[in-house]
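Just below is one structure, and these are the notes that go with it.
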Amino acid sequence: MLQTNATTTLLVTSPDPALLHSVSAARPDLRMMPLGPKISSDLKIEGTPLCFVDWLLPETSGLELVRRLREARPTRSAHITMVLDGDDSDERRRALKAGADDYMVGPLDAASLLDRLAFYEAGEASPAPARSRLANGDLVVDLAAHQARWQGTAVTLRPNEFRLLAHFMEHPDQVFSRSALIERLGKDDEAIDERTVDVWVGRLRRSLAAHGAPDPLRTVRAMGYVMDSFVGN
């Protein structure tokens, strides 16, 4: 169940002022804010942010905006609903893989948005339980056992390499900058710079290659790293 209160922030990509006005009038307890293509690290949000992201946007794709929301500190834990153009199974799959929590078919209007909020607050959209086993093709990570395996064979990894692999296994097909990886995986008492991330990635690649596994990480120039889903997933 999503708990809303006087400080709950609702972020929407829809530019329709009538929608914002109608929802604000019906739910004065919500703080309504337009959601643009750039997420400022200084954005002030209290409570649980709720985001409704349109599939098609004028300056970027809805999928890319979801990835940015998941990477930015103020919206990292937001509940994100992707507003699809139609009831398309491929779009639903891609939305969830990008980091959305839920999806709905648009166009988004005040009535459908308020209905979906009521649905969430009633607890009917409980989040899925955390998975203890992650798989990408024949590469498997067992979080409970703190063990990685390639085609059934255990792969020995250092703690930081395992955390890095587990992070990418939880978020396949999503590009993460080096600074974002430092924020998510770094320790408060350990000085970490972007070069350290490259070292972690290099060690992880070598450890997996030593067991015959293909390189699961792709370097995206000027952006960071991404784990592509293996063919057949």
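By convention in this document, the chains of the structure tokens carry letters A, B, ... by their order, each chain's residues are numbered from 1, and ligands are numbered from 1 in the order they are shown.
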Which neighbours of segment 112-119 of chain A fall inside 12 Å, counting only C-alpha atoms, when residues of the same chain fewer than 6 positions from it are skipped, and could you give them as a PyMOL selection string? chain A and resi 1-4+8+10-12+14+19-20+22-27+30+49-53+79-83+102-106+125-126
Need the shell around Ala209 of chain A: protein/DNA/RNA residues with any atom at most 12 Å away, counting only C-alpha atoms. Skip same-chain ones fewer than 5 positions apart. Format as a ChimeraX atom specification? /A:139,150,155-157,202-204,214-217
Export, as an mmCIF file, in the first residue's frame, the selected residues with N, CA and C atoms.
```cif
data_model
loop_
_atom_site.group_PDB
_atom_site.id
_atom_site.type_symbol
_atom_site.label_atom_id
_atom_site.label_comp_id
_atom_site.auth_asym_id
_atom_site.auth_seq_id
_atom_site.Cartn_x
_atom_site.Cartn_y
_atom_site.Cartn_z
ATOM 1 N N LEU A 139 23.838 -17.047 -16.761
ATOM 2 C CA LEU A 139 24.482 -16.370 -15.636
ATOM 3 C C LEU A 139 23.449 -16.176 -14.537
ATOM 4 N N TRP A 150 27.985 -19.483 -13.483
ATOM 5 C CA TRP A 150 27.877 -19.480 -14.939
ATOM 6 C C TRP A 150 27.717 -20.923 -15.404
ATOM 7 N N VAL A 155 31.362 -18.950 -9.637
ATOM 8 C CA VAL A 155 32.333 -17.936 -10.049
ATOM 9 C C VAL A 155 32.785 -17.188 -8.805
ATOM 10 N N THR A 156 34.062 -17.204 -8.534
ATOM 11 C CA THR A 156 34.596 -16.526 -7.355
ATOM 12 C C THR A 156 34.726 -15.040 -7.641
ATOM 13 N N LEU A 157 34.083 -14.222 -6.809
ATOM 14 C CA LEU A 157 34.105 -12.777 -6.989
ATOM 15 C C LEU A 157 34.449 -12.081 -5.680
ATOM 16 N N GLY A 202 36.509 -4.028 -14.712
ATOM 17 C CA GLY A 202 37.555 -4.840 -15.333
ATOM 18 C C GLY A 202 37.766 -6.149 -14.603
ATOM 19 N N ARG A 203 37.767 -6.110 -13.286
ATOM 20 C CA ARG A 203 37.956 -7.340 -12.502
ATOM 21 C C ARG A 203 36.778 -8.284 -12.688
ATOM 22 N N LEU A 204 35.563 -7.718 -12.699
ATOM 23 C CA LEU A 204 34.379 -8.556 -12.892
ATOM 24 C C LEU A 204 34.432 -9.233 -14.251
ATOM 25 N N PRO A 214 30.492 -14.972 -21.320
ATOM 26 C CA PRO A 214 30.678 -13.790 -22.167
ATOM 27 C C PRO A 214 30.631 -12.530 -21.322
ATOM 28 N N ASP A 215 31.232 -11.470 -21.819
ATOM 29 C CA ASP A 215 31.236 -10.201 -21.106
ATOM 30 C C ASP A 215 29.807 -9.675 -21.039
ATOM 31 N N PRO A 216 29.220 -9.569 -19.833
ATOM 32 C CA PRO A 216 27.817 -9.141 -19.732
ATOM 33 C C PRO A 216 27.638 -7.628 -19.754
ATOM 34 N N LEU A 217 28.735 -6.881 -19.633
ATOM 35 C CA LEU A 217 28.637 -5.426 -19.535
ATOM 36 C C LEU A 217 29.101 -4.754 -20.826
#
```
Any idea what's packed within 8 Å of Val197 of chain A, counting only C-alpha atoms, ignoring anything in its chain fewer than 6 positions away? Could you give it as a VMD selection string? chain A and resid 178 181 to 182
Within chain A, find each residue whose DSSP state, derived from the backbone, is strand (DSSP E or B), and express the selection as a ChimeraX atom specification. /A:9-12,31-34,50-54,56,61,79-84,102-105,133-136,139-142,147-150,153-155,176,217-220,224-227
Wanna dump the segment 43-70 of chain A-segment 161-175 of chain A contacts at 12 Å for me, each residue with its shortest atom pair and the distance in Å to one decimal, counting only C-alpha atoms, ordered by chain and number, as a Markdown table?
```
| residue | atom | partner | partner_atom | distance |
| --- | --- | --- | --- | --- |
| A:Leu63 | CA | A:Gln174 | CA | 9.7 |
| A:Glu64 | CA | A:Gln174 | CA | 8.9 |
| A:Leu65 | CA | A:Gln174 | CA | 11.3 |
| A:Val66 | CA | A:Gln174 | CA | 9.8 |
| A:Arg67 | CA | A:Gln174 | CA | 6.7 |
| A:Arg68 | CA | A:Val175 | CA | 9.3 |
| A:Leu69 | CA | A:Gln174 | CA | 11.7 |
| A:Arg70 | CA | A:Gln174 | CA | 9.7 |
```
Enumerate, as a ChimeraX atom specification, the complete set of residues in segment 151-209 of chain A that a backbone-based DSSP assignment places in helix (DSSP H, G or I). /A:159-170,178-185,194-209
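In this comparison, which uses only C-alpha atoms, the residue of A:Gly62, A:Gly99, A:Ile45, A:Asn160 approaching Val199 of chain A most closely is A:Asn160.
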